file input.csv (CSV, C-alpha atoms and all ligand atoms)
chain,number,residue,atom,x,y,z
A,180,MET,CA,-61.9,28.4,38.8
A,181,PRO,CA,-61.0,25.8,36.1
A,182,LYS,CA,-64.0,24.1,34.5
A,183,LYS,CA,-64.3,20.5,35.5
A,184,ILE,CA,-65.1,18.4,32.5
A,185,ALA,CA,-66.0,14.8,32.8
A,186,LEU,CA,-64.8,12.7,29.8
A,187,LEU,CA,-66.6,9.5,28.9
A,188,PRO,CA,-64.5,7.9,26.1
A,189,GLY,CA,-66.6,4.7,26.1
A,190,ASP,CA,-66.2,2.0,23.5
A,191,GLY,CA,-65.1,1.4,19.8
A,192,ILE,CA,-64.0,4.6,18.2
A,193,GLY,CA,-64.8,6.5,21.4
A,194,PRO,CA,-61.3,6.8,22.8
A,195,GLU,CA,-59.9,7.7,19.4
A,196,ILE,CA,-62.2,10.7,18.8
A,197,MET,CA,-62.2,11.8,22.5
A,198,ALA,CA,-58.4,12.4,22.3
A,199,GLU,CA,-59.0,14.8,19.4
A,200,ALA,CA,-61.7,16.7,21.3
A,201,VAL,CA,-59.4,17.1,24.3
A,202,LYS,CA,-56.6,18.4,22.1
A,203,VAL,CA,-59.0,21.0,20.7
A,204,LEU,CA,-60.3,22.1,24.1
A,205,GLU,CA,-56.7,22.5,25.3
A,206,ALA,CA,-55.9,24.6,22.3
A,207,VAL,CA,-58.9,26.8,22.9
A,208,GLY,CA,-58.0,27.0,26.6
A,209,LYS,CA,-54.5,28.2,25.7
A,210,GLU,CA,-55.6,30.8,23.2
A,211,PHE,CA,-58.3,32.3,25.5
A,212,SER,CA,-56.6,31.7,28.8
A,213,ARG,CA,-59.3,29.3,30.0
A,214,GLU,CA,-58.6,26.5,32.3
A,215,PHE,CA,-60.0,23.0,32.3
A,216,THR,CA,-59.6,20.0,34.4
A,217,PHE,CA,-60.4,16.7,32.7
A,218,GLN,CA,-61.5,13.6,34.5
A,219,SER,CA,-61.9,10.4,32.5
A,220,LEU,CA,-64.6,8.0,33.7
A,221,PRO,CA,-65.7,4.5,32.7
A,222,ILE,CA,-69.0,4.0,30.9
A,223,GLY,CA,-70.6,1.4,28.6
A,224,GLY,CA,-69.0,-1.8,27.6
A,225,THR,CA,-65.6,-1.0,29.1
A,226,ALA,CA,-67.3,-0.3,32.4
A,227,ILE,CA,-69.2,-3.6,32.2
A,228,ASP,CA,-65.9,-5.4,31.7
A,229,GLU,CA,-64.2,-3.7,34.6
A,230,PHE,CA,-67.0,-3.1,37.1
A,231,GLY,CA,-69.9,-5.3,35.9
A,232,ASP,CA,-72.0,-2.1,35.5
A,233,PRO,CA,-72.4,0.1,32.4
A,234,LEU,CA,-72.8,3.2,34.7
A,235,PRO,CA,-70.8,2.5,37.9
A,236,PRO,CA,-71.6,4.6,40.9
A,237,GLN,CA,-68.3,6.4,40.9
A,238,THR,CA,-68.9,7.5,37.3
A,239,LEU,CA,-72.4,8.9,38.2
A,240,GLN,CA,-70.9,10.7,41.2
A,241,GLY,CA,-68.1,12.1,39.0
A,242,LEU,CA,-70.6,13.3,36.4
A,243,LYS,CA,-72.8,15.1,39.0
A,244,GLU,CA,-69.8,16.9,40.4
A,245,SER,CA,-68.6,18.1,37.0
A,246,ASP,CA,-69.4,21.4,35.2
A,247,ALA,CA,-70.1,19.5,31.9
A,248,VAL,CA,-69.9,16.0,30.4
A,249,LEU,CA,-68.4,15.1,27.1
A,250,LEU,CA,-69.3,11.6,25.9
A,251,ALA,CA,-67.8,9.8,22.8
A,252,ALA,CA,-69.9,6.6,22.2
A,253,VAL,CA,-70.8,3.3,23.8
A,254,GLY,CA,-71.7,-0.2,22.6
A,255,GLY,CA,-70.3,-3.0,20.5
A,256,PRO,CA,-70.8,-6.6,19.4
A,257,LYS,CA,-69.0,-7.9,22.5
A,258,TRP,CA,-72.0,-6.9,24.7
A,259,ASP,CA,-74.9,-7.4,22.2
A,260,GLN,CA,-76.1,-10.6,23.8
A,261,ASN,CA,-76.1,-9.1,27.4
A,262,PRO,CA,-79.5,-8.8,29.1
A,263,GLY,CA,-81.1,-5.3,28.7
A,264,ASN,CA,-79.8,-3.7,31.9
A,265,LEU,CA,-76.3,-5.0,31.3
A,266,ARG,CA,-75.9,-3.5,27.9
A,267,PRO,CA,-73.7,-0.5,27.3
A,268,GLU,CA,-76.6,1.5,26.0
A,269,ALA,CA,-78.5,1.0,29.3
A,270,GLY,CA,-75.7,3.0,31.0
A,271,LEU,CA,-76.1,5.9,28.6
A,272,LEU,CA,-79.9,6.0,29.0
A,273,ARG,CA,-79.6,5.8,32.8
A,274,MET,CA,-77.1,8.6,32.7
A,275,ARG,CA,-79.4,10.9,30.6
A,276,LYS,CA,-82.2,10.2,33.1
A,277,GLU,CA,-80.1,10.8,36.2
A,278,LEU,CA,-78.7,14.0,34.8
A,279,GLY,CA,-82.2,15.1,33.9
A,280,VAL,CA,-81.2,16.2,30.4
A,281,PHE,CA,-84.6,16.1,28.7
A,282,ALA,CA,-83.7,18.3,25.7
A,283,ASN,CA,-81.3,17.0,23.0
A,284,LEU,CA,-80.4,19.6,20.4
A,285,ARG,CA,-79.0,18.1,17.2
A,286,PRO,CA,-78.0,20.8,14.7
A,287,VAL,CA,-77.7,19.7,11.1
A,288,LYS,CA,-75.7,22.0,8.9
A,289,ALA,CA,-74.7,21.4,5.3
A,290,TYR,CA,-71.1,22.7,5.0
A,291,GLU,CA,-70.5,24.1,1.5
A,292,PRO,CA,-67.2,22.2,0.9
A,293,LEU,CA,-69.0,18.9,1.8
A,294,LEU,CA,-72.0,19.3,-0.5
A,295,HIS,CA,-70.5,17.0,-3.1
A,296,ALA,CA,-69.6,14.4,-0.4
A,297,SER,CA,-73.3,13.5,0.3
A,298,THR,CA,-75.1,10.8,-1.6
A,299,LEU,CA,-77.8,13.4,-2.1
A,300,LYS,CA,-77.9,16.2,-4.8
A,301,GLU,CA,-75.9,19.3,-4.0
A,302,GLU,CA,-78.7,21.7,-5.0
A,303,VAL,CA,-81.1,20.1,-2.5
A,304,LEU,CA,-78.5,20.4,0.3
A,305,ALA,CA,-77.1,23.9,-0.2
A,306,GLU,CA,-77.6,26.1,2.8
A,307,VAL,CA,-79.4,23.5,4.9
A,308,ASP,CA,-79.3,24.6,8.5
A,309,LEU,CA,-81.8,23.0,10.7
A,310,LEU,CA,-82.1,21.9,14.3
A,311,ILE,CA,-83.8,18.7,15.7
A,312,VAL,CA,-85.0,19.2,19.2
A,313,ARG,CA,-85.4,15.6,20.5
A,314,GLU,CA,-87.1,14.7,23.8
A,315,LEU,CA,-84.5,12.6,25.6
A,316,THR,CA,-85.7,11.2,28.9
A,317,GLY,CA,-89.2,9.9,28.1
A,318,GLY,CA,-91.2,7.9,25.7
A,319,ILE,CA,-90.7,4.3,24.6
A,320,TYR,CA,-87.1,4.2,25.7
A,321,PHE,CA,-88.1,4.6,29.4
A,322,GLY,CA,-91.6,2.9,29.5
A,323,ASP,CA,-92.2,-0.5,31.2
A,324,LYS,CA,-90.7,-3.4,29.3
A,325,SER,CA,-91.5,-7.1,29.7
A,326,ARG,CA,-91.2,-10.6,28.2
A,327,LYS,CA,-93.5,-13.4,29.0
A,328,PRO,CA,-94.4,-16.8,27.5
A,329,HIS,CA,-96.9,-16.9,24.7
A,330,VAL,CA,-98.5,-19.7,22.7
A,331,SER,CA,-96.4,-18.7,19.7
A,332,GLY,CA,-93.2,-18.6,21.8
A,333,GLU,CA,-92.8,-15.3,23.8
A,334,GLN,CA,-94.5,-11.9,24.0
A,335,ALA,CA,-92.4,-8.8,24.4
A,336,THR,CA,-93.7,-5.4,25.4
A,337,ASP,CA,-92.3,-1.8,25.3
A,338,THR,CA,-94.6,0.9,26.6
A,339,LEU,CA,-94.7,4.4,25.2
A,340,VAL,CA,-95.7,6.9,27.9
A,341,TYR,CA,-95.7,10.7,27.9
A,342,THR,CA,-97.1,13.1,30.4
A,343,THR,CA,-98.3,16.6,29.6
A,344,GLU,CA,-95.5,18.0,31.8
A,345,GLU,CA,-92.8,16.1,29.9
A,346,ILE,CA,-94.2,17.3,26.5
A,347,GLU,CA,-94.7,20.8,27.6
A,348,ARG,CA,-91.1,21.5,28.8
A,349,ILE,CA,-89.5,20.2,25.6
A,350,VAL,CA,-92.0,22.0,23.4
A,351,ARG,CA,-91.6,25.2,25.3
A,352,MET,CA,-87.8,25.0,24.9
A,353,ALA,CA,-88.3,24.4,21.1
A,354,PHE,CA,-90.5,27.5,20.8
A,355,VAL,CA,-87.9,29.6,22.6
A,356,ILE,CA,-85.2,28.4,20.3
A,357,ALA,CA,-87.4,28.8,17.2
A,358,ARG,CA,-88.2,32.4,18.3
A,359,ASN,CA,-84.5,33.2,18.2
A,360,ARG,CA,-84.0,31.6,14.8
A,361,LYS,CA,-86.4,31.8,11.8
A,362,LYS,CA,-89.6,31.7,13.9
A,363,LEU,CA,-90.7,28.4,12.2
A,364,LEU,CA,-91.3,25.3,14.3
A,365,HIS,CA,-92.4,21.8,13.0
A,366,SER,CA,-93.7,19.5,15.6
A,367,VAL,CA,-93.3,15.9,14.4
A,368,ASP,CA,-95.7,13.1,15.6
A,369,LYS,CA,-97.8,10.2,14.6
A,370,ALA,CA,-101.1,11.6,15.8
A,371,ASN,CA,-103.1,9.6,13.2
A,372,VAL,CA,-102.2,6.4,15.1
A,373,LEU,CA,-100.7,7.0,18.6
A,374,GLU,CA,-102.6,8.3,21.6
A,375,SER,CA,-99.3,9.7,23.0
A,376,SER,CA,-98.9,11.7,19.8
A,377,ARG,CA,-102.4,13.1,20.1
A,378,LEU,CA,-101.5,14.4,23.6
A,379,TRP,CA,-98.3,15.7,22.1
A,380,ARG,CA,-100.2,17.6,19.4
A,381,GLU,CA,-102.7,19.0,21.9
A,382,THR,CA,-100.0,20.2,24.2
A,383,VAL,CA,-98.1,21.8,21.3
A,384,ASN,CA,-101.3,23.7,20.4
A,385,GLN,CA,-101.6,24.9,24.0
A,386,VAL,CA,-98.0,26.1,24.3
A,387,ALA,CA,-98.2,27.7,20.8
A,388,LYS,CA,-100.6,30.3,22.3
A,389,ASP,CA,-97.7,31.8,24.2
A,390,TYR,CA,-95.6,32.1,21.1
A,391,PRO,CA,-97.8,33.8,18.5
A,392,ASP,CA,-94.8,35.1,16.7
A,393,VAL,CA,-93.6,31.6,15.9
A,394,GLN,CA,-95.2,29.8,12.9
A,395,CYS,CA,-96.1,26.3,14.2
A,396,GLU,CA,-96.8,23.4,11.8
A,397,HIS,CA,-97.6,19.8,12.6
A,398,ILE,CA,-96.2,17.0,10.5
A,399,LEU,CA,-96.6,13.3,10.6
A,400,VAL,CA,-93.3,11.5,11.1
A,401,ASP,CA,-93.4,9.4,8.0
A,402,ASN,CA,-94.0,12.4,5.8
A,403,CYS,CA,-91.3,14.3,7.7
A,404,ALA,CA,-88.8,11.5,7.0
A,405,MET,CA,-89.6,11.9,3.3
A,406,GLN,CA,-89.6,15.7,3.3
A,407,LEU,CA,-86.2,15.9,4.9
A,408,ILE,CA,-84.7,14.3,1.8
A,409,ARG,CA,-87.1,15.9,-0.7
A,410,ASN,CA,-86.6,19.5,0.4
A,411,PRO,CA,-84.7,19.9,3.7
A,412,ARG,CA,-84.6,23.7,3.4
A,413,GLN,CA,-88.3,23.9,4.3
A,414,PHE,CA,-87.3,23.2,7.9
A,415,ASP,CA,-85.7,25.3,10.6
A,416,VAL,CA,-86.5,23.8,14.1
A,417,LEU,CA,-88.2,20.4,14.5
A,418,VAL,CA,-89.4,19.2,17.8
A,419,THR,CA,-90.2,15.5,18.4
A,420,GLU,CA,-90.4,12.6,20.8
A,421,ASN,CA,-87.5,10.4,21.8
A,422,MET,CA,-87.5,7.6,19.2
A,423,PHE,CA,-88.6,9.7,16.2
A,424,GLY,CA,-85.8,12.2,17.0
A,425,ASP,CA,-83.3,9.4,17.2
A,426,ILE,CA,-84.2,8.0,13.7
A,427,LEU,CA,-84.8,11.4,12.0
A,428,SER,CA,-81.4,12.7,13.2
A,429,ASP,CA,-79.5,9.8,11.7
A,430,GLU,CA,-81.4,10.4,8.5
A,431,ALA,CA,-80.8,14.1,8.6
A,432,ALA,CA,-77.0,13.5,9.2
A,433,MET,CA,-76.7,12.5,5.5
A,434,LEU,CA,-77.6,16.0,4.5
A,435,THR,CA,-74.1,16.9,5.8
A,436,GLY,CA,-72.4,14.0,4.0
A,437,SER,CA,-71.6,11.9,7.1
A,438,ILE,CA,-73.0,10.9,10.4
A,439,GLY,CA,-69.6,11.7,11.8
A,440,MET,CA,-70.3,15.4,11.4
A,441,LEU,CA,-73.3,15.7,13.8
A,442,PRO,CA,-72.8,17.1,17.3
A,443,SER,CA,-75.4,17.3,20.1
A,444,ALA,CA,-76.1,19.1,23.4
A,445,SER,CA,-78.4,17.5,26.0
A,446,LEU,CA,-79.7,20.2,28.3
A,447,GLY,CA,-82.4,20.8,30.9
A,448,ALA,CA,-80.7,20.5,34.3
A,449,GLN,CA,-77.6,21.6,36.0
A,450,VAL,CA,-75.0,19.6,34.2
A,451,GLY,CA,-75.0,19.5,30.3
A,452,LEU,CA,-74.1,16.4,28.4
A,453,TYR,CA,-72.4,16.7,25.0
A,454,GLU,CA,-72.1,13.9,22.5
A,455,PRO,CA,-71.8,13.3,18.8
A,456,ILE,CA,-75.0,11.6,17.5
A,457,HIS,CA,-73.2,8.6,16.0
A,458,GLY,CA,-72.3,5.3,17.8
A,459,SER,CA,-69.1,3.5,18.5
A,460,ALA,CA,-68.7,2.4,14.9
A,461,PRO,CA,-67.2,-1.0,15.6
A,462,ASP,CA,-66.6,-1.6,11.9
A,463,ILE,CA,-63.8,1.0,11.9
A,464,ALA,CA,-62.7,1.0,15.5
A,465,GLY,CA,-58.9,0.9,16.1
A,466,LYS,CA,-58.1,2.0,12.5
A,467,GLY,CA,-57.5,5.6,13.3
A,468,ILE,CA,-59.9,6.7,10.5
A,469,ALA,CA,-63.0,7.8,12.4
A,470,ASN,CA,-64.2,11.4,11.8
A,471,PRO,CA,-63.7,13.4,15.1
A,472,LEU,CA,-65.6,16.5,13.9
A,473,GLY,CA,-68.9,15.4,15.5
A,474,ILE,CA,-67.3,15.3,19.0
A,475,ILE,CA,-65.2,18.4,18.3
A,476,LEU,CA,-68.4,20.3,17.4
A,477,SER,CA,-70.0,18.9,20.5
A,478,ALA,CA,-67.2,20.3,22.6
A,479,ALA,CA,-68.0,23.7,20.9
A,480,MET,CA,-71.6,23.3,22.0
A,481,MET,CA,-70.4,22.6,25.5
A,482,LEU,CA,-68.4,25.9,25.6
A,483,ARG,CA,-71.5,27.8,24.3
A,484,HIS,CA,-74.3,26.2,26.3
A,485,SER,CA,-72.7,25.2,29.6
A,486,PHE,CA,-70.1,28.1,30.0
A,487,GLY,CA,-71.6,30.8,27.8
A,488,TRP,CA,-68.3,31.1,25.9
A,489,GLU,CA,-69.6,32.1,22.5
A,490,GLN,CA,-66.3,33.3,21.0
A,491,GLU,CA,-64.5,30.1,22.0
A,492,ALA,CA,-67.3,28.0,20.5
A,493,ALA,CA,-67.4,30.0,17.3
A,494,ILE,CA,-63.6,29.7,16.8
A,495,ILE,CA,-63.9,25.9,16.9
A,496,GLU,CA,-66.8,26.0,14.4
A,497,GLN,CA,-65.0,28.4,12.1
A,498,SER,CA,-61.8,26.3,12.3
A,499,VAL,CA,-63.9,23.2,11.2
A,500,GLN,CA,-65.2,25.2,8.2
A,501,GLU,CA,-61.8,26.4,7.3
A,502,VAL,CA,-60.1,22.9,7.5
A,503,LEU,CA,-62.9,21.5,5.4
A,504,ALA,CA,-62.6,24.3,2.9
A,505,LYS,CA,-59.0,23.4,2.4
A,506,GLY,CA,-60.0,19.9,1.4
A,507,ALA,CA,-59.0,17.8,4.4
A,508,ARG,CA,-61.4,14.9,4.9
A,509,THR,CA,-61.5,11.7,7.0
A,510,ALA,CA,-62.3,8.6,5.1
A,511,ASP,CA,-66.1,8.8,5.5
A,512,LEU,CA,-66.1,12.0,3.5
A,513,ALA,CA,-63.1,11.8,1.2
A,514,GLY,CA,-63.5,11.8,-2.5
A,515,PRO,CA,-60.8,11.4,-5.2
A,516,GLN,CA,-60.0,15.2,-5.1
A,517,ASP,CA,-59.7,15.4,-1.4
A,518,THR,CA,-56.7,15.1,1.0
A,519,LYS,CA,-57.6,12.0,3.1
A,520,VAL,CA,-56.5,12.5,6.7
A,521,SER,CA,-56.5,10.2,9.8
A,522,THR,CA,-58.5,10.9,13.0
A,523,SER,CA,-55.5,12.5,14.7
A,524,GLU,CA,-54.4,14.5,11.7
A,525,MET,CA,-57.9,16.0,11.5
A,526,GLY,CA,-57.6,17.0,15.2
A,527,ASP,CA,-54.2,18.5,14.6
A,528,LEU,CA,-55.5,20.5,11.6
A,529,ILE,CA,-58.3,22.0,13.8
A,530,VAL,CA,-55.8,22.8,16.5
A,531,GLN,CA,-53.5,24.6,13.9
A,532,ALA,CA,-56.5,26.5,12.5
A,533,ILE,CA,-57.4,27.7,16.0
A,534,GLY,CA,-53.8,28.9,16.5
A,535,CYS,CA,-53.8,30.8,13.2
A,536,ARG,CA,-57.1,32.5,13.9
A,537,ILE,CA,-55.8,34.3,17.0
A,538,PRO,CA,-52.7,36.5,16.5
A,539,SER,CA,-50.6,36.1,19.7
A,601,LIG,P1,-72.8,3.8,14.3
A,601,LIG,O1,-73.2,5.2,14.4
A,601,LIG,O2,-71.8,3.4,15.3
A,601,LIG,O3,-72.2,3.5,12.9
A,601,LIG,C1,-73.0,3.5,11.7
A,601,LIG,C2,-72.1,3.6,10.5
A,601,LIG,O4,-71.6,5.0,10.5
A,601,LIG,C3,-70.9,2.7,10.5
A,601,LIG,O5,-70.6,2.3,9.2
A,601,LIG,C4,-69.8,3.5,11.1
A,601,LIG,O6,-68.5,3.2,10.7
A,601,LIG,C5,-70.2,4.9,10.6
A,601,LIG,N1,-69.7,6.0,11.5
A,601,LIG,C6,-70.3,6.3,12.7
A,601,LIG,N2,-69.6,7.3,13.3
A,601,LIG,C7,-68.5,7.6,12.5
A,601,LIG,C8,-67.5,8.5,12.5
A,601,LIG,N3,-67.3,9.3,13.6
A,601,LIG,N4,-66.6,8.5,11.5
A,601,LIG,C9,-66.7,7.7,10.4
A,601,LIG,N5,-67.7,6.9,10.3
A,601,LIG,C10,-68.6,6.8,11.3
A,601,LIG,O7,-74.2,3.0,14.5
A,601,LIG,P2,-74.4,1.4,14.6
A,601,LIG,O8,-73.4,0.6,13.8
A,601,LIG,O9,-75.8,1.1,14.4
A,601,LIG,O10,-74.1,1.1,16.2
A,601,LIG,C11,-72.8,0.6,16.7
A,601,LIG,C12,-72.9,0.6,18.2
A,601,LIG,O11,-72.9,2.0,18.7
A,601,LIG,C13,-74.1,-0.1,18.8
A,601,LIG,O12,-73.7,-0.8,19.9
A,601,LIG,C14,-75.0,1.1,19.2
A,601,LIG,O13,-75.9,0.7,20.2
A,601,LIG,C15,-74.0,2.1,19.6
A,601,LIG,N6,-74.5,3.5,19.5
A,601,LIG,C16,-74.1,4.3,20.5
A,601,LIG,C17,-74.4,5.6,20.5
A,601,LIG,C18,-73.9,6.5,21.6
A,601,LIG,O14,-73.1,6.1,22.4
A,601,LIG,N7,-74.4,7.7,21.7
A,601,LIG,C19,-75.1,6.2,19.4
A,601,LIG,C20,-75.6,5.3,18.4
A,601,LIG,C21,-75.2,4.0,18.4
A,602,LIG,C1,-78.2,8.1,20.1
A,602,LIG,C2,-78.1,6.6,20.2
A,602,LIG,C3,-78.8,6.1,21.5
A,602,LIG,C4,-80.2,6.5,21.5
A,602,LIG,C5,-78.6,4.6,21.9
A,602,LIG,C6,-77.2,4.1,21.8
A,602,LIG,C7,-79.2,4.3,23.2
A,602,LIG,O1,-78.7,5.9,19.1
A,602,LIG,O2,-77.7,8.8,21.0
A,602,LIG,O3,-78.7,8.5,19.1
A,602,LIG,O4,-81.0,5.8,20.8
A,602,LIG,O5,-80.6,7.5,22.1
A,603,MN,MN,-79.2,7.3,17.5
call {"tool": "encode", "arguments": {"input": "input.csv", "output": "structure tokens"}}
result
Amino acid sequence: MPKKIALLPGDGIGPEIMAEAVKVLEAVGKEFSREFTFQSLPIGGTAIDEFGDPLPPQTLQGLKESDAVLLAAVGGPKWDQNPGNLRPEAGLLRMRKELGVFANLRPVKAYEPLLHASTLKEEVLAEVDLLIVRELTGGIYFGDKSRKPHVSGEQATDTLVYTTEEIERIVRMAFVIARNRKKLLHSVDKANVLESSRLWRETVNQVAKDYPDVQCEHILVDNCAMQLIRNPRQFDVLVTENMFGDILSDEAAMLTGSIGMLPSASLGAQVGLYEPIHGSAPDIAGKGIANPLGIILSAAMMLRHSFGWEQEAAIIEQSVQEVLAKGARTADLAGPQDTKVSTSEMGDLIVQAIGCRIPS
């Protein structure tokens, strides 16, 4: 049976990078005799323009009937003044909730050929290989929101809620992952201030009893943000709540040289969702210069996590390494020594590398 993949190109650079991910999946399919069917569905700003809804019912239906979902990015200045529920981002959040993907894995790997491309020092970055496990369907993103008149103008409220159950399931997943890596887990919170973080920390301590072989450390989020830049190699797996994970992962992306490099997998239910961590990059949209590696590596995560195709995933990852080692870079990473390539040229190079790795 061919795997049914729902494609959500979205807005801005979304369609440009999605085209490259599809090329790569087709190349892998050809080499390994795997069949895919692709269904492209509207989401975000383009869906608002066409259907007046950032997550139209037919999109949601299509996602639920698929074997896995690949999303590029949503959002842009055109929709920035829309009311909250009519913003592109609202469609993305609703989709994550509807799919039940509470665990967002964001691997951060410093590729050797890119060490010099970061704004940070090479010796700090060498061999960084960490994983941020971000809670994705709870916390302040999904709590009650309100606006009401106030003597000074208006009052706006966002509520941060977590239940023990929501914390426990993500933390348990992080422990299992940590057990299969270096057996080191940092739980990131703000327990010196937030009640929800105190519940988070207590729950982590309870769950930790079931994983005595994993070293578990608590770290406050402000210190963690600093330590990620000071000495990122001290970390292996980090687990944290929704908003802290969002912010820390953009920060950690710079350990790789560009936010365009980071993939993610959102798991926890039947259908997995795969997306790069970056946004729709309106400042470079339409120029053909966006880095497609984040979405290409997300496609690799899809093959591994949704279909259990380890070899197929690994070949994509090795091809990315190889192409980078040969000096090809999109504009976000290119230095004077490098060969600057466009979005589609980068996709072509990955496809070629895949072809060369498998003797036919
Ligand atoms: P962004 O990630 O889109 O861009 C930040 C900076 O990184 C920009 O300078 C951009 O050009 C650059 N960049 C991002 N991805 C790149 C890539 N693949 N290649 C090269 N450069 C890249 O963040 P932003 O500017 O804060 O947000 C823009 C829009 O995207 C907003 O509407 C935001 O809500 C949305 N957004 C969507 C997602 C998503 O769909 N998952 C994620 C983050 C932001
Ligand atoms: C991300 C994005 C989203 C988030 C936005 C667009 C809702 O920043 O996927 O990291 O905050 O989760
Ligand atoms: Mn983000």
call {"tool": "residues_near_ligand", "arguments": {"input": "input.csv", "ligand": "ligand MN 603 (chain A)", "cutoff": "10 Å", "atoms": "all atoms listed in the file", "output": "number ranges by chain"}}
result
A: 421-430, 455-458
call {"tool": "closest_residue", "arguments": {"input": "input.csv", "among": "A:Thr336, A:Gln385, A:Thr343, A:Ser459", "to": "ligand LIG 602 (chain A)", "atoms": "all atoms listed in the file"}}
result
A:Ser459
call {"tool": "residues_around", "arguments": {"input": "input.csv", "residues": "segment 298-306 of chain A", "least_positions_apart": "3", "cutoff": "8 Å", "atoms": "all atoms listed in the file", "output": "list of chain:residue names"}}
result
A:Lys288, A:Ala289, A:Tyr290, A:Glu291, A:Leu294, A:His295, A:Ile408, A:Arg409, A:Asn410, A:Pro411, A:Arg412, A:Met433, A:Leu434, A:Thr435, A:Gly436
call {"tool": "residues_around", "arguments": {"input": "input.csv", "residues": "Ile475 of chain A", "least_positions_apart": "3", "cutoff": "6 Å", "atoms": "all atoms listed in the file", "output": "VMD selection string"}}
result
chain A and resid 200 472 478
call {"tool": "write_last_selection", "arguments": {"input": "input.csv", "atoms": "C-alpha atoms", "output": "PDB file, keeping the file's coordinate frame"}}
result
ATOM      1  CA  ALA A 200     -61.700  16.700  21.300  1.00  0.00           C
ATOM      2  CA  LEU A 472     -65.600  16.500  13.900  1.00  0.00           C
ATOM      3  CA  ALA A 478     -67.200  20.300  22.600  1.00  0.00           C
TER       4      ALA A 478
END
call {"tool": "residues_near_ligand", "arguments": {"input": "input.csv", "ligand": "ligand LIG 601 (chain A)", "cutoff": "7 Å", "atoms": "only C-alpha atoms and all ligand atoms", "output": "list in words"}}
result
Ala251, Ala252, Val253, Gly254, Gly255, Pro256, Glu268, Leu271, Ile438, Gly439, Glu454, Pro455, Ile456, His457, Gly458, Ser459, Ala460, Pro461, Asp462, Ile463, Ile468, Ala469, Asn470, Pro471, Gly473, Ala510 and Asp511 of chain A
call {"tool": "write_last_selection", "arguments": {"input": "input.csv", "atoms": "C-alpha atoms", "output": "mmCIF file, in the coordinates of the input"}}
result
data_model
loop_
_atom_site.group_PDB
_atom_site.id
_atom_site.type_symbol
_atom_site.label_atom_id
_atom_site.label_comp_id
_atom_site.auth_asym_id
_atom_site.auth_seq_id
_atom_site.Cartn_x
_atom_site.Cartn_y
_atom_site.Cartn_z
ATOM 1 C CA ALA A 251 -67.800 9.800 22.800
ATOM 2 C CA ALA A 252 -69.900 6.600 22.200
ATOM 3 C CA VAL A 253 -70.800 3.300 23.800
ATOM 4 C CA GLY A 254 -71.700 -0.200 22.600
ATOM 5 C CA GLY A 255 -70.300 -3.000 20.500
ATOM 6 C CA PRO A 256 -70.800 -6.600 19.400
ATOM 7 C CA GLU A 268 -76.600 1.500 26.000
ATOM 8 C CA LEU A 271 -76.100 5.900 28.600
ATOM 9 C CA ILE A 438 -73.000 10.900 10.400
ATOM 10 C CA GLY A 439 -69.600 11.700 11.800
ATOM 11 C CA GLU A 454 -72.100 13.900 22.500
ATOM 12 C CA PRO A 455 -71.800 13.300 18.800
ATOM 13 C CA ILE A 456 -75.000 11.600 17.500
ATOM 14 C CA HIS A 457 -73.200 8.600 16.000
ATOM 15 C CA GLY A 458 -72.300 5.300 17.800
ATOM 16 C CA SER A 459 -69.100 3.500 18.500
ATOM 17 C CA ALA A 460 -68.700 2.400 14.900
ATOM 18 C CA PRO A 461 -67.200 -1.000 15.600
ATOM 19 C CA ASP A 462 -66.600 -1.600 11.900
ATOM 20 C CA ILE A 463 -63.800 1.000 11.900
ATOM 21 C CA ILE A 468 -59.900 6.700 10.500
ATOM 22 C CA ALA A 469 -63.000 7.800 12.400
ATOM 23 C CA ASN A 470 -64.200 11.400 11.800
ATOM 24 C CA PRO A 471 -63.700 13.400 15.100
ATOM 25 C CA GLY A 473 -68.900 15.400 15.500
ATOM 26 C CA ALA A 510 -62.300 8.600 5.100
ATOM 27 C CA ASP A 511 -66.100 8.800 5.500
#
call {"tool": "closest_residue", "arguments": {"input": "input.csv", "among": "A:Ile349, A:Ala247, A:Leu373, A:Leu293", "to": "Arg483 of chain A", "atoms": "all atoms listed in the file"}}
result
A:Ala247
call {"tool": "closest_residue", "arguments": {"input": "input.csv", "among": "A:Ile346, A:Val520, A:Ala507, A:Leu284", "to": "ligand LIG 602 (chain A)", "atoms": "all atoms listed in the file"}}
result
A:Leu284
call {"tool": "residues_around", "arguments": {"input": "input.csv", "residues": "Leu239 of chain A", "least_positions_apart": "3", "cutoff": "10 Å", "atoms": "all atoms listed in the file", "output": "count of residues only"}}
result
14
call {"tool": "residues_around", "arguments": {"input": "input.csv", "residues": "Glu199 of chain A", "least_positions_apart": "3", "cutoff": "7 Å", "atoms": "all atoms listed in the file", "output": "PyMOL selection string"}}
result
chain A and resi 196+202-203+471+523+526
call {"tool": "write_last_selection", "arguments": {"input": "input.csv", "atoms": "C-alpha atoms", "output": "PDB file, keeping the file's coordinate frame"}}
result
ATOM      1  CA  ILE A 196     -62.200  10.700  18.800  1.00  0.00           C
ATOM      2  CA  LYS A 202     -56.600  18.400  22.100  1.00  0.00           C
ATOM      3  CA  VAL A 203     -59.000  21.000  20.700  1.00  0.00           C
ATOM      4  CA  PRO A 471     -63.700  13.400  15.100  1.00  0.00           C
ATOM      5  CA  SER A 523     -55.500  12.500  14.700  1.00  0.00           C
ATOM      6  CA  GLY A 526     -57.600  17.000  15.200  1.00  0.00           C
TER       7      GLY A 526
END
call {"tool": "residues_around", "arguments": {"input": "input.csv", "residues": "Phe354 of chain A", "least_positions_apart": "3", "cutoff": "9 Å", "atoms": "only C-alpha atoms", "output": "list in words"}}
result
Ile349, Val350, Arg351, Ala357, Arg358, Asn359, Lys362, Leu363, Leu364, Val386, Ala387, Tyr390, Val393, Cys395, Val416 and Val418 of chain A
